[in-house]
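> My structure is stored as work03.txt, with compact mmCIF, C-alpha atoms and all ligand atoms.
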# COMPACT_ATOMS: atom_id res chain seq x y z
CA MET A 1 24.76 -0.79 26.77
CA SER A 2 22.33 -2.71 24.65
CA LEU A 3 18.57 -2.47 24.61
CA LYS A 4 18.51 -5.99 25.98
CA GLN A 5 20.31 -4.86 29.14
CA LYS A 6 18.80 -1.41 29.52
CA ASP A 7 15.21 -2.10 28.63
CA PRO A 8 14.53 -5.82 28.66
CA GLU A 9 10.78 -5.23 28.62
CA ILE A 10 10.79 -3.65 25.17
CA TYR A 11 13.66 -5.83 23.99
CA ASN A 12 11.73 -8.98 24.84
CA LEU A 13 8.58 -7.71 23.18
CA ILE A 14 10.54 -6.98 20.01
CA GLN A 15 11.96 -10.50 20.12
CA LYS A 16 8.47 -11.87 20.58
CA GLU A 17 7.21 -9.92 17.57
CA ARG A 18 10.23 -11.07 15.56
CA ARG A 19 9.28 -14.66 16.38
CA ARG A 20 5.68 -14.04 15.33
CA GLN A 21 6.82 -12.55 12.02
CA THR A 22 9.23 -15.45 11.46
CA GLU A 23 6.90 -18.32 12.29
CA THR A 24 3.69 -17.14 10.62
CA LEU A 25 2.60 -16.47 7.06
CA ASP A 26 1.97 -12.80 6.34
CA LEU A 27 -0.81 -12.52 3.78
CA ILE A 28 -1.76 -8.97 4.76
CA ALA A 29 -1.75 -7.19 1.41
CA SER A 30 -0.30 -3.95 2.76
CA GLU A 31 2.65 -5.51 4.61
CA ASN A 32 6.13 -6.63 3.63
CA TYR A 33 9.59 -7.39 5.04
CA VAL A 34 12.22 -4.68 4.52
CA SER A 35 15.86 -5.53 3.96
CA LYS A 36 18.54 -5.39 6.65
CA GLU A 37 19.97 -2.35 4.88
CA VAL A 38 16.66 -0.47 5.02
CA LEU A 39 16.42 -1.28 8.73
CA GLU A 40 19.96 -0.02 9.25
CA ALA A 41 19.21 3.36 7.68
CA LEU A 42 15.92 3.59 9.56
CA GLY A 43 17.55 2.88 12.90
CA SER A 44 20.40 5.31 12.34
CA ILE A 45 21.50 8.52 14.05
CA LEU A 46 19.72 10.48 11.31
CA THR A 47 16.72 10.40 13.64
CA ASN A 48 18.54 13.01 15.77
CA LYS A 49 18.38 15.77 13.18
CA TYR A 50 15.89 18.56 12.67
CA ALA A 51 15.67 19.60 9.02
CA GLU A 52 12.54 21.73 8.61
CA GLY A 53 12.43 23.03 5.07
CA TYR A 54 13.88 21.50 1.93
CA PRO A 55 17.43 20.76 0.68
CA ARG A 56 19.46 24.01 0.64
CA LYS A 57 16.55 25.90 2.26
CA ARG A 58 16.57 24.67 5.85
CA TYR A 59 15.58 26.50 9.00
CA TYR A 60 18.24 24.77 11.14
CA ALA A 61 22.02 24.59 11.02
CA GLY A 62 23.98 21.48 10.25
CA ASN A 63 22.02 20.07 7.36
CA GLU A 64 24.83 19.71 4.77
CA VAL A 65 24.79 15.92 5.01
CA ILE A 66 21.03 15.65 5.40
CA ASP A 67 20.61 17.69 2.18
CA LYS A 68 22.70 15.16 0.29
CA ILE A 69 20.62 12.29 1.64
CA GLU A 70 17.30 13.89 0.76
CA GLU A 71 18.53 14.88 -2.70
CA LEU A 72 19.72 11.34 -3.31
CA ALA A 73 16.34 9.97 -2.21
CA ILE A 74 14.58 12.32 -4.66
CA GLU A 75 16.94 11.45 -7.50
CA ARG A 76 16.42 7.73 -6.94
CA VAL A 77 12.64 8.11 -6.85
CA GLN A 78 12.88 9.91 -10.21
CA GLU A 79 14.87 7.00 -11.64
CA ALA A 80 12.81 4.23 -10.05
CA PHE A 81 9.57 5.63 -11.44
CA GLY A 82 11.05 6.93 -14.69
CA LEU A 83 9.74 10.41 -14.00
CA PRO A 84 9.74 12.90 -16.91
CA LEU A 85 11.89 16.02 -16.47
CA ASP A 86 8.87 18.19 -15.79
CA TRP A 87 7.93 16.18 -12.68
CA HIS A 88 8.71 16.97 -9.07
CA VAL A 89 9.17 14.73 -6.00
CA ASN A 90 8.50 15.29 -2.30
CA VAL A 91 9.80 12.51 -0.02
CA GLN A 92 8.82 14.11 3.29
CA PRO A 93 5.25 12.90 3.97
CA TYR A 94 5.19 10.90 7.20
CA SER A 95 2.94 8.26 5.68
CA GLY A 96 0.29 7.65 3.02
CA SER A 97 -2.60 9.33 4.81
CA PRO A 98 -0.83 12.65 5.40
CA ALA A 99 0.47 12.57 1.80
CA ASN A 100 -3.08 12.44 0.44
CA LEU A 101 -4.34 15.17 2.76
CA GLU A 102 -1.35 17.30 1.79
CA VAL A 103 -2.24 17.00 -1.89
CA TYR A 104 -5.88 17.97 -1.27
CA ASN A 105 -4.76 20.87 0.90
CA ALA A 106 -2.38 22.04 -1.83
CA LEU A 107 -4.76 21.90 -4.77
CA LEU A 108 -8.29 22.36 -3.42
CA GLU A 109 -10.46 24.63 -1.32
CA LYS A 110 -12.68 23.36 1.48
CA GLY A 111 -15.91 21.99 0.07
CA ASP A 112 -14.50 21.28 -3.42
CA THR A 113 -15.77 18.14 -5.12
CA ILE A 114 -13.51 15.08 -5.36
CA MET A 115 -14.53 11.87 -7.10
CA ALA A 116 -13.05 8.72 -5.57
CA MET A 117 -13.78 5.04 -5.10
CA ASN A 118 -16.48 3.94 -2.69
CA LEU A 119 -14.79 2.75 0.51
CA ASP A 120 -16.73 -0.52 0.49
CA HIS A 121 -15.46 -1.17 -3.03
CA GLY A 122 -11.78 -0.64 -2.27
CA GLY A 123 -11.28 3.07 -1.55
CA HIS A 124 -9.09 4.25 1.36
CA LEU A 125 -10.14 6.14 4.51
CA THR A 126 -8.46 9.26 3.13
CA HIS A 127 -10.63 8.99 0.01
CA GLY A 128 -13.54 10.66 1.74
CA SER A 129 -14.60 8.47 4.63
CA PRO A 130 -17.11 10.43 6.75
CA VAL A 131 -14.98 9.78 9.86
CA ASN A 132 -11.79 11.01 8.16
CA PHE A 133 -10.60 14.61 7.82
CA SER A 134 -10.93 14.19 4.04
CA GLY A 135 -14.63 13.40 4.20
CA LYS A 136 -15.29 16.19 6.68
CA THR A 137 -13.50 18.81 4.61
CA TYR A 138 -14.20 18.09 0.96
CA ASN A 139 -17.30 17.08 -0.96
CA PHE A 140 -16.51 13.50 -1.93
CA VAL A 141 -18.69 11.75 -4.48
CA HIS A 142 -17.98 8.04 -4.75
CA TYR A 143 -17.97 5.76 -7.75
CA GLY A 144 -17.89 1.99 -7.39
CA VAL A 145 -17.23 -1.22 -9.22
CA SER A 146 -19.75 -2.92 -11.47
CA ASN A 147 -22.10 -5.37 -9.79
CA LYS A 148 -21.49 -7.84 -12.61
CA THR A 149 -17.73 -7.71 -13.14
CA GLY A 150 -16.37 -6.39 -9.84
CA ARG A 151 -14.30 -3.96 -11.94
CA VAL A 152 -14.38 -0.19 -12.29
CA ASP A 153 -17.15 0.73 -14.70
CA TYR A 154 -15.51 3.54 -16.66
CA MET A 155 -18.78 4.55 -18.39
CA GLU A 156 -20.30 5.06 -14.95
CA VAL A 157 -17.29 7.12 -13.86
CA LEU A 158 -17.62 9.28 -16.97
CA LYS A 159 -21.34 9.85 -16.44
CA MET A 160 -20.77 10.72 -12.80
CA ALA A 161 -17.96 13.13 -13.68
CA ASP A 162 -20.26 14.87 -16.16
CA ARG A 163 -22.93 15.18 -13.50
CA VAL A 164 -20.87 16.31 -10.49
CA ASN A 165 -18.10 18.24 -12.26
CA PRO A 166 -15.30 17.35 -9.80
CA LYS A 167 -12.25 19.50 -9.32
CA LEU A 168 -10.16 16.36 -8.77
CA ILE A 169 -10.62 12.73 -9.81
CA LEU A 170 -8.83 10.20 -7.64
CA CYS A 171 -8.06 6.63 -8.51
CA GLY A 172 -5.89 4.06 -6.79
CA TYR A 173 -7.22 1.69 -4.18
CA THR A 174 -6.67 -0.33 -1.09
CA ALA A 175 -8.58 -3.49 -1.97
CA TYR A 176 -8.93 -3.69 -5.75
CA PRO A 177 -7.46 -6.78 -7.39
CA ARG A 178 -7.54 -5.59 -11.01
CA GLU A 179 -5.41 -3.46 -13.29
CA VAL A 180 -6.41 0.21 -13.36
CA ASP A 181 -6.83 1.86 -16.76
CA PHE A 182 -5.13 5.18 -16.02
CA LYS A 183 -5.50 6.38 -19.60
CA LYS A 184 -9.29 6.11 -19.37
CA PHE A 185 -9.24 8.08 -16.11
CA ARG A 186 -7.16 10.77 -17.78
CA GLU A 187 -9.65 11.03 -20.65
CA ILE A 188 -12.51 11.40 -18.19
CA ALA A 189 -10.59 14.00 -16.17
CA ASP A 190 -9.87 15.94 -19.38
CA LYS A 191 -13.54 15.95 -20.38
CA VAL A 192 -14.50 17.72 -17.15
CA LYS A 193 -11.19 19.61 -16.72
CA ALA A 194 -10.43 17.92 -13.42
CA ILE A 195 -7.03 17.27 -11.86
CA ALA A 196 -6.11 13.59 -12.19
CA MET A 197 -4.62 12.09 -9.03
CA ALA A 198 -3.53 8.48 -8.55
CA ASP A 199 -2.88 6.97 -5.11
CA ILE A 200 -0.76 3.94 -5.95
CA SER A 201 0.06 3.12 -2.30
CA HIS A 202 -0.64 -0.58 -2.80
CA ILE A 203 0.77 -1.14 -6.26
CA GLY A 204 3.74 1.27 -6.06
CA GLY A 205 6.30 -1.55 -6.29
CA LEU A 206 4.49 -3.15 -9.22
CA VAL A 207 4.34 0.18 -11.05
CA ALA A 208 8.02 0.95 -10.46
CA ALA A 209 8.95 -2.53 -11.70
CA GLY A 210 6.80 -2.14 -14.82
CA VAL A 211 4.53 -5.01 -13.81
CA HIS A 212 1.51 -2.70 -13.60
CA PRO A 213 1.01 0.23 -16.04
CA SER A 214 2.08 3.58 -14.62
CA PRO A 215 -0.21 6.58 -14.20
CA ILE A 216 2.72 8.97 -14.55
CA PRO A 217 2.47 9.53 -18.33
CA PHE A 218 -1.16 10.61 -17.94
CA PHE A 219 -1.67 12.04 -14.48
CA ASP A 220 -1.03 15.31 -12.64
CA VAL A 221 -0.26 13.97 -9.16
CA VAL A 222 0.71 10.53 -7.88
CA THR A 223 1.04 9.53 -4.22
CA THR A 224 2.36 6.26 -2.87
CA THR A 225 3.32 4.79 0.46
CA THR A 226 6.80 3.29 0.53
CA HIS A 227 6.10 0.32 2.82
CA LYS A 228 3.73 -1.90 0.84
CA THR A 229 4.81 -3.49 -2.45
CA LEU A 230 7.73 -1.01 -2.61
CA ARG A 231 9.16 -2.85 0.43
CA GLY A 232 10.62 0.19 2.14
CA PRO A 233 10.18 1.99 5.47
CA ARG A 234 6.81 3.38 6.56
CA GLY A 235 6.57 6.63 4.66
CA ALA A 236 5.20 8.16 1.48
CA ILE A 237 6.14 10.07 -1.64
CA ILE A 238 4.27 12.69 -3.62
CA MET A 239 5.16 12.95 -7.32
CA CYS A 240 3.61 15.74 -9.37
CA LYS A 241 3.93 17.86 -12.46
CA ASN A 242 6.20 20.84 -11.89
CA LYS A 243 3.33 23.29 -12.06
CA TYR A 244 1.98 21.86 -8.78
CA ALA A 245 5.40 21.58 -7.09
CA THR A 246 5.36 24.83 -5.12
CA ALA A 247 1.84 24.35 -3.82
CA ILE A 248 2.55 20.75 -2.80
CA ASP A 249 5.87 21.49 -1.11
CA LYS A 250 4.27 24.33 0.85
CA SER A 251 1.39 22.12 1.84
CA VAL A 252 3.72 19.40 3.20
CA PHE A 253 5.91 21.93 5.00
CA PRO A 254 4.92 24.22 6.66
CA GLY A 255 1.30 23.47 5.77
CA MET A 256 0.83 20.17 7.53
CA GLN A 257 4.17 18.91 8.82
CA GLY A 258 7.21 20.09 10.72
CA GLY A 259 10.60 18.37 10.70
CA PRO A 260 10.91 15.55 8.17
CA HIS A 261 12.01 12.10 9.38
CA GLU A 262 15.38 12.00 7.65
CA ASN A 263 16.11 8.48 8.90
CA ALA A 264 13.01 7.32 7.03
CA ILE A 265 14.04 9.40 4.00
CA ALA A 266 17.47 7.72 3.99
CA ALA A 267 15.69 4.36 4.19
CA ILE A 268 13.52 5.43 1.22
CA ALA A 269 16.73 6.20 -0.69
CA VAL A 270 18.06 2.71 0.11
CA THR A 271 14.72 1.22 -0.97
CA MET A 272 14.75 3.07 -4.29
CA LYS A 273 18.23 1.76 -5.04
CA GLU A 274 16.86 -1.74 -4.46
CA VAL A 275 13.77 -1.04 -6.56
CA LYS A 276 15.88 -0.08 -9.59
CA THR A 277 17.50 -3.54 -9.78
CA SER A 278 16.54 -6.49 -11.97
CA VAL A 279 16.23 -8.54 -8.78
CA PHE A 280 13.36 -6.30 -7.69
CA ARG A 281 11.71 -6.49 -11.10
CA LYS A 282 11.77 -10.30 -10.87
CA TYR A 283 10.41 -10.04 -7.35
CA ALA A 284 7.50 -7.90 -8.54
CA GLU A 285 6.76 -10.33 -11.38
CA GLN A 286 6.76 -13.20 -8.90
CA ILE A 287 4.34 -11.36 -6.60
CA VAL A 288 1.78 -11.32 -9.40
CA LYS A 289 2.47 -14.94 -10.43
CA ASN A 290 2.00 -15.98 -6.81
CA SER A 291 -1.17 -13.99 -6.45
CA LYS A 292 -2.64 -15.60 -9.58
CA ALA A 293 -1.55 -19.05 -8.35
CA LEU A 294 -3.13 -18.45 -4.93
CA ALA A 295 -6.33 -17.25 -6.63
CA HIS A 296 -6.43 -20.30 -8.87
CA SER A 297 -5.92 -22.76 -6.00
CA LEU A 298 -8.51 -21.07 -3.78
CA GLN A 299 -11.04 -21.11 -6.62
CA GLY A 300 -10.31 -24.81 -6.99
CA PHE A 301 -11.36 -25.20 -3.34
CA GLY A 302 -14.65 -23.40 -4.06
CA PHE A 303 -13.74 -19.91 -2.84
CA LYS A 304 -15.36 -16.95 -4.59
CA LEU A 305 -13.11 -14.03 -5.49
CA THR A 306 -14.44 -10.60 -6.34
CA SER A 307 -13.86 -9.99 -10.05
CA ASP A 308 -13.05 -13.73 -10.29
CA GLY A 309 -9.32 -13.28 -9.97
CA THR A 310 -6.46 -10.84 -9.77
CA ASP A 311 -3.99 -8.85 -11.88
CA ASN A 312 -1.88 -7.57 -8.99
CA HIS A 313 -0.63 -8.58 -5.55
CA LEU A 314 -3.98 -8.97 -3.83
CA LEU A 315 -7.18 -10.95 -3.85
CA LEU A 316 -10.48 -10.34 -2.19
CA VAL A 317 -12.19 -13.51 -1.00
CA ASP A 318 -15.98 -13.36 -0.65
CA LEU A 319 -16.82 -15.87 2.07
CA THR A 320 -20.59 -15.62 1.65
CA ASN A 321 -20.81 -19.22 0.35
CA LYS A 322 -18.56 -20.56 3.12
CA ASN A 323 -20.81 -19.96 6.12
CA ILE A 324 -18.25 -17.83 7.92
CA GLY A 325 -17.95 -14.07 8.37
CA GLY A 326 -14.77 -12.08 7.70
CA LYS A 327 -14.12 -11.49 11.39
CA ASP A 328 -14.26 -15.16 12.37
CA ALA A 329 -12.23 -16.14 9.31
CA GLN A 330 -9.52 -13.60 10.17
CA GLU A 331 -9.43 -14.86 13.77
CA VAL A 332 -9.27 -18.57 13.02
CA LEU A 333 -6.63 -18.02 10.31
CA ASP A 334 -4.60 -15.94 12.76
CA LYS A 335 -4.82 -18.78 15.26
CA ALA A 336 -3.39 -21.05 12.56
CA GLY A 337 -0.48 -18.67 11.90
CA ILE A 338 -1.91 -17.04 8.77
CA ALA A 339 -2.21 -13.27 9.06
CA THR A 340 -4.92 -11.68 6.91
CA ASN A 341 -7.40 -8.86 7.32
CA ARG A 342 -11.15 -8.87 7.06
CA SER A 343 -12.57 -6.63 4.39
CA MET A 344 -15.83 -5.42 2.92
CA VAL A 345 -16.56 -6.84 -0.50
CA PRO A 346 -18.43 -4.77 -3.11
CA PHE A 347 -22.19 -4.71 -2.38
CA ASP A 348 -21.55 -6.34 0.99
CA ALA A 349 -24.70 -7.18 2.94
CA ARG A 350 -22.70 -7.17 6.21
CA LYS A 351 -21.10 -4.35 8.19
CA PRO A 352 -17.41 -3.21 8.26
CA TRP A 353 -16.75 -4.63 11.76
CA ASP A 354 -17.73 -8.10 10.55
CA PRO A 355 -17.83 -7.99 6.76
CA SER A 356 -18.17 -10.82 4.22
CA GLY A 357 -14.62 -10.93 2.97
CA ILE A 358 -10.96 -11.29 3.71
CA ARG A 359 -8.18 -9.63 1.75
CA LEU A 360 -5.05 -11.61 0.91
CA GLY A 361 -1.79 -10.36 -0.58
CA THR A 362 1.40 -12.04 -1.73
CA ALA A 363 4.02 -9.27 -1.40
CA ALA A 364 5.36 -10.46 1.97
CA VAL A 365 5.41 -14.22 1.32
CA THR A 366 7.10 -13.55 -2.04
CA SER A 367 9.83 -11.64 -0.18
CA ARG A 368 10.50 -14.92 1.65
CA GLY A 369 11.19 -16.66 -1.66
CA MET A 370 7.91 -18.54 -1.88
CA ARG A 371 6.63 -19.40 -5.35
CA GLU A 372 3.60 -20.91 -7.06
CA LYS A 373 4.07 -24.32 -5.43
CA GLU A 374 3.99 -22.79 -1.97
CA MET A 375 0.85 -20.81 -2.88
CA SER A 376 -1.10 -24.00 -3.49
CA LYS A 377 0.08 -25.27 -0.09
CA ILE A 378 -1.09 -22.03 1.52
CA ALA A 379 -4.46 -22.37 -0.24
CA SER A 380 -4.93 -25.85 1.23
CA TRP A 381 -4.12 -24.60 4.71
CA ILE A 382 -6.60 -21.75 4.35
CA THR A 383 -9.23 -24.19 3.14
CA ALA A 384 -8.56 -26.64 5.97
CA VAL A 385 -8.85 -23.96 8.65
CA ILE A 386 -11.96 -22.30 7.21
CA THR A 387 -13.65 -25.69 6.78
CA ASP A 388 -12.77 -26.94 10.27
CA PRO A 389 -11.51 -24.39 12.81
CA ASN A 390 -10.40 -27.28 15.05
CA VAL A 391 -7.35 -27.91 12.85
CA ALA A 392 -5.93 -24.42 13.58
CA ASP A 393 -3.33 -25.60 16.12
CA LYS A 394 -2.14 -28.43 13.89
CA VAL A 395 -1.80 -26.06 10.91
CA ARG A 396 0.05 -23.53 13.06
CA ASN A 397 2.69 -26.16 13.84
CA GLU A 398 2.99 -27.14 10.19
CA ILE A 399 3.45 -23.51 9.20
CA LYS A 400 6.03 -23.01 11.91
CA ARG A 401 8.10 -25.83 10.39
CA PHE A 402 7.40 -24.71 6.82
CA THR A 403 8.51 -21.10 7.35
CA LYS A 404 11.95 -22.26 8.54
CA ASN A 405 12.78 -22.95 4.89
CA PHE A 406 11.84 -19.40 3.85
CA PRO A 407 13.81 -16.91 5.93
CA ALA A 408 12.35 -13.42 5.67
CA PRO A 409 14.62 -10.50 4.76
CA GLY A 410 15.66 -8.43 7.76
CA LEU A 411 14.61 -10.99 10.36
C1 LIG A 501 -2.25 2.24 2.77
C2 LIG A 501 -2.93 3.28 1.97
C3 LIG A 501 -2.86 4.63 2.33
C4 LIG A 501 -2.38 5.16 3.66
O1 LIG A 501 -1.24 4.76 4.14
P1 LIG A 501 -0.81 4.95 5.69
O2 LIG A 501 0.66 4.94 5.54
O3 LIG A 501 -1.39 3.79 6.41
O4 LIG A 501 -1.33 6.25 6.17
C5 LIG A 501 -3.43 5.56 1.47
N1 LIG A 501 -4.03 5.18 0.34
C6 LIG A 501 -4.13 3.89 -0.02
C7 LIG A 501 -4.83 3.54 -1.29
C8 LIG A 501 -3.59 2.90 0.78
O5 LIG A 501 -3.74 1.63 0.43
In structure tokens, how does this file's structure come out?

Amino acid sequence: MSLKQKDPEIYNLIQKERRRQTETLDLIASENYVSKEVLEALGSILTNKYAEGYPRKRYYAGNEVIDKIEELAIERVQEAFGLPLDWHVNVQPYSGSPANLEVYNALLEKGDTIMAMNLDHGGHLTHGSPVNFSGKTYNFVHYGVSNKTGRVDYMEVLKMADRVNPKLILCGYTAYPREVDFKKFREIADKVKAIAMADISHIGGLVAAGVHPSPIPFFDVVTTTTHKTLRGPRGAIIMCKNKYATAIDKSVFPGMQGGPHENAIAAIAVTMKEVKTSVFRKYAEQIVKNSKALAHSLQGFGFKLTSDGTDNHLLLVDLTNKNIGGKDAQEVLDKAGIATNRSMVPFDARKPWDPSGIRLGTAAVTSRGMREKEMSKIASWITAVITDPNVADKVRNEIKRFTKNFPAPGL
């Protein structure tokens, strides 16, 4: 029997969500559309299996096939990211947040000092938010971006590192539109003998495709989610130098997790095979072209962007000069069929619940085959709706027609 017959309630809700995803524009920087093949692996019978432990060291019987799948996932991650031979991979973290906590738990003691980006300037909850386990457990000291440039001020980071002597320096962000200079971070980490950790959750796909420089030649530990620009299932990967491998594996299991989600791990393997192709590299290049085109068009309509532009898949629009808060902007855009999320901008005078900015990303619309021309169309829709919320319904209908020409993968 099918889901449709057995559980029409859930079936119908899934269909409704499918329609929403099909008929609207997804500009949420952390979202994407996975391929049919990724969905197939994710929805497979692999979800039935318990596989606590690691390949060839499992605590349950019947893991011969599962071992092959997990080993293949690891091998493909190594290839996709061009990992040196002295690097190790763990594909078991349930998602990005647990992956980060698992690294801290592996390498630090409670109360140790970590330097990370200020949350209002683009850091993630797991980078020491006071409401997050990270902030309650470790002594986070936050650096920020420069008031003038909206970019990381590396001199500031160096001075702070000298002053606070962190055990770990973390870079990698959730709302930072510019290229990160990993080499500079490494130099700073070396000066104070700190562990260098990069959380490339957002830019993982760009890094794997060579469109953004990689931290791997310089860093000790790199985490990434697999569902943002990497365009895979919800999940995460930890990559680290071999000398941290044992501590990190132990921290993931049995330290913080039980049975790994092998269906998700199989889907990660499928994703990594996709990531290694020239088609994916072109896709990643197009994401950045689209993001620059969207930035350019929006600036033409008088929108202010933090750091005045973008080098990656996302832009941060500061709405201060547009007489609308981030919350209202997000809501009216959503009404018009444009999904975004409100966001703090650096040095925001407003509060997180209703901040001054919205964050836009081009990973999902690029997966639908949209290019620069479509970005300028999207910019005019955004402008129309922000300028006059009354046009939301009209725009929603236009977008509904428009998206028919850009079928999303997997839908
Ligand atoms: C998205 C993100 C995460 C967390 O990912 P979840 O899968 O939502 O837990 C961690 N770090 C950064 C920088 C992110 O952008």
> Considering all atoms listed in the file, can you say which of A:Thr362, A:Ser376, A:Ser201, A:Ser343 comes closest to ligand LIG 501 (chain A)?
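Smallest separation from ligand LIG 501 (chain A) among the options: A:Ser201.
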> Using only C-alpha atoms, which protein or nucleic acid residues come within 10 Å of A:Lys36? Drop anything in the same chain fewer than 6 positions from it, and give the result as number ranges by chain.
A: 42, 409-411
> Which is closest to A:Ile203 among A:Arg18, A:Arg163, A:Arg186, A:His227, if we use all atoms listed in the file?
A:His227
> Which value, in Å to one decimal, gives the distance between atom CA of A:Lys110 and atom CA of A:Met256?
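So the two atoms, atom CA of A:Lys110 and atom CA of A:Met256, lie 15.1 Å apart.
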> Compare A:Met155, A:Leu170, A:Ala209, A:Val141 by their minimum atom-to-atom distance to A:Val275, counting all atoms listed in the file, and give me the closest one.
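Closest residue, counting all atoms listed in the file: A:Ala209.
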> Show me which residues are within 6 Å of ligand LIG 501 (chain A) counting all atoms listed in the file, and format the list as a VMD selection string.
chain A and resid 95 to 97 124 172 to 174 199 201 to 202 225
> As a ChimeraX atom specification, please: the residues near A:Gly300 (cut-off 12 Å, only C-alpha atoms, same-chain neighbours under 4 positions excluded).
/A:293-296,304-305,308-309,376,379-380,383
> As an exercise, work out the distance from atom CA of A:Arg350 to atom CA of A:Arg178 in Å and give it to one decimal place.
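Result for atom CA of A:Arg350 versus atom CA of A:Arg178: 23.0 Å, one decimal.
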> For A:Val91, please output as an MDAnalysis selection string all residues within 12 Å (counting all atoms listed in the file; exclusion window: fewer than 4 positions along the same chain).
chainID A and resid 53:55 69:78 95:96 98:99 223:226 233:240 248:249 252:253 260:269 272
> Could you take the residues named above and write them with C-alpha atoms, as a compact mmCIF listing (two decimals), in the coordinates of the input?

# COMPACT_ATOMS: atom_id res chain seq x y z
CA GLY A 53 12.43 23.03 5.07
CA TYR A 54 13.88 21.50 1.93
CA PRO A 55 17.43 20.76 0.68
CA ILE A 69 20.62 12.29 1.64
CA GLU A 70 17.30 13.89 0.76
CA GLU A 71 18.53 14.88 -2.70
CA LEU A 72 19.72 11.34 -3.31
CA ALA A 73 16.34 9.97 -2.21
CA ILE A 74 14.58 12.32 -4.66
CA GLU A 75 16.94 11.45 -7.50
CA ARG A 76 16.42 7.73 -6.94
CA VAL A 77 12.64 8.11 -6.85
CA GLN A 78 12.88 9.91 -10.21
CA SER A 95 2.94 8.26 5.68
CA GLY A 96 0.29 7.65 3.02
CA PRO A 98 -0.83 12.65 5.40
CA ALA A 99 0.47 12.57 1.80
CA THR A 223 1.04 9.53 -4.22
CA THR A 224 2.36 6.26 -2.87
CA THR A 225 3.32 4.79 0.46
CA THR A 226 6.80 3.29 0.53
CA PRO A 233 10.18 1.99 5.47
CA ARG A 234 6.81 3.38 6.56
CA GLY A 235 6.57 6.63 4.66
CA ALA A 236 5.20 8.16 1.48
CA ILE A 237 6.14 10.07 -1.64
CA ILE A 238 4.27 12.69 -3.62
CA MET A 239 5.16 12.95 -7.32
CA CYS A 240 3.61 15.74 -9.37
CA ILE A 248 2.55 20.75 -2.80
CA ASP A 249 5.87 21.49 -1.11
CA VAL A 252 3.72 19.40 3.20
CA PHE A 253 5.91 21.93 5.00
CA PRO A 260 10.91 15.55 8.17
CA HIS A 261 12.01 12.10 9.38
CA GLU A 262 15.38 12.00 7.65
CA ASN A 263 16.11 8.48 8.90
CA ALA A 264 13.01 7.32 7.03
CA ILE A 265 14.04 9.40 4.00
CA ALA A 266 17.47 7.72 3.99
CA ALA A 267 15.69 4.36 4.19
CA ILE A 268 13.52 5.43 1.22
CA ALA A 269 16.73 6.20 -0.69
CA MET A 272 14.75 3.07 -4.29
> Show me, as a count of residues only, the residues that have an atom within 12 Å of A:Gly205 when counting only C-alpha atoms, minus same-chain residues fewer than 4 positions from it.
40
> Counting all atoms listed in the file, what is within 7 Å of A:Arg342, bar same-chain residues fewer than 5 positions away, as a VMD selection string?
chain A and resid 326 to 327 330 355 357 to 359
> How about saving the chosen residues, C-alpha atoms kept, as a PDB file, in the coordinates of the input?

ATOM      1  CA  GLY A 326     -14.770 -12.080   7.700  1.00  0.00           C
ATOM      2  CA  LYS A 327     -14.120 -11.490  11.390  1.00  0.00           C
ATOM      3  CA  GLN A 330      -9.520 -13.600  10.170  1.00  0.00           C
ATOM      4  CA  PRO A 355     -17.830  -7.990   6.760  1.00  0.00           C
ATOM      5  CA  GLY A 357     -14.620 -10.930   2.970  1.00  0.00           C
ATOM      6  CA  ILE A 358     -10.960 -11.290   3.710  1.00  0.00           C
ATOM      7  CA  ARG A 359      -8.180  -9.630   1.750  1.00  0.00           C
TER       8      ARG A 359
END
> Using all atoms of stretch 290-304 of chain A that appear in the file, construct an axis-aligned enclosing box with 4 Å of padding on every side and provide its centre coordinates and edge lengths in Å, rounded to one decimal, as AutoDock Vina command-line options.

--center_x -6.7 --center_y -19.6 --center_z -6.2 --size_x 25.4 --size_y 19.2 --size_z 14.7
> Taking into account all atoms listed in the file, which residue in the set A:His121, A:Lys57, A:His88, A:Lys6 is nearest to A:Met344?
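Counting all atoms listed in the file, the residue closest to A:Met344 is A:His121.
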> Which is closest to A:Lys243 among A:Leu333, A:Leu107, A:Val38, A:Ala384, if we use all atoms listed in the file?
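Closest to A:Lys243, using all atoms listed in the file: A:Leu107.
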> So what do you get for atom CA of A:Glu109 versus atom CA of A:Lys167, distance-wise?
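So the two atoms, atom CA of A:Glu109 and atom CA of A:Lys167, lie 9.7 Å apart.
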> From the set A:Asn139, A:Gly259, A:Asp162, A:Leu206, which residue has the shortest atom-to-atom contact distance to A:Thr47, counting only C-alpha atoms?
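Selected residue with least distance to A:Thr47: A:Gly259.
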> With all atoms listed in the file counted, which protein, DNA or RNA residues have an atom no more than 12 Å from (-16.4, -6.5, -16.7) in the file frame? Please answer as a ChimeraX atom specification.
/A:145-155,178-179,306-309
> Can you write out the residues you just picked, keeping C-alpha atoms, as a short mmCIF file (atom, residue, chain, number, x, y, z; two decimals), in the coordinates of the input?

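Dumped to part_38.cif:
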data_model
loop_
_atom_site.label_atom_id
_atom_site.label_comp_id
_atom_site.auth_asym_id
_atom_site.auth_seq_id
_atom_site.Cartn_x
_atom_site.Cartn_y
_atom_site.Cartn_z
CA VAL A 145 -17.23 -1.22 -9.22
CA SER A 146 -19.75 -2.92 -11.47
CA ASN A 147 -22.10 -5.37 -9.79
CA LYS A 148 -21.49 -7.84 -12.61
CA THR A 149 -17.73 -7.71 -13.14
CA GLY A 150 -16.37 -6.39 -9.84
CA ARG A 151 -14.30 -3.96 -11.94
CA VAL A 152 -14.38 -0.19 -12.29
CA ASP A 153 -17.15 0.73 -14.70
CA TYR A 154 -15.51 3.54 -16.66
CA MET A 155 -18.78 4.55 -18.39
CA ARG A 178 -7.54 -5.59 -11.01
CA GLU A 179 -5.41 -3.46 -13.29
CA THR A 306 -14.44 -10.60 -6.34
CA SER A 307 -13.86 -9.99 -10.05
CA ASP A 308 -13.05 -13.73 -10.29
CA GLY A 309 -9.32 -13.28 -9.97
#
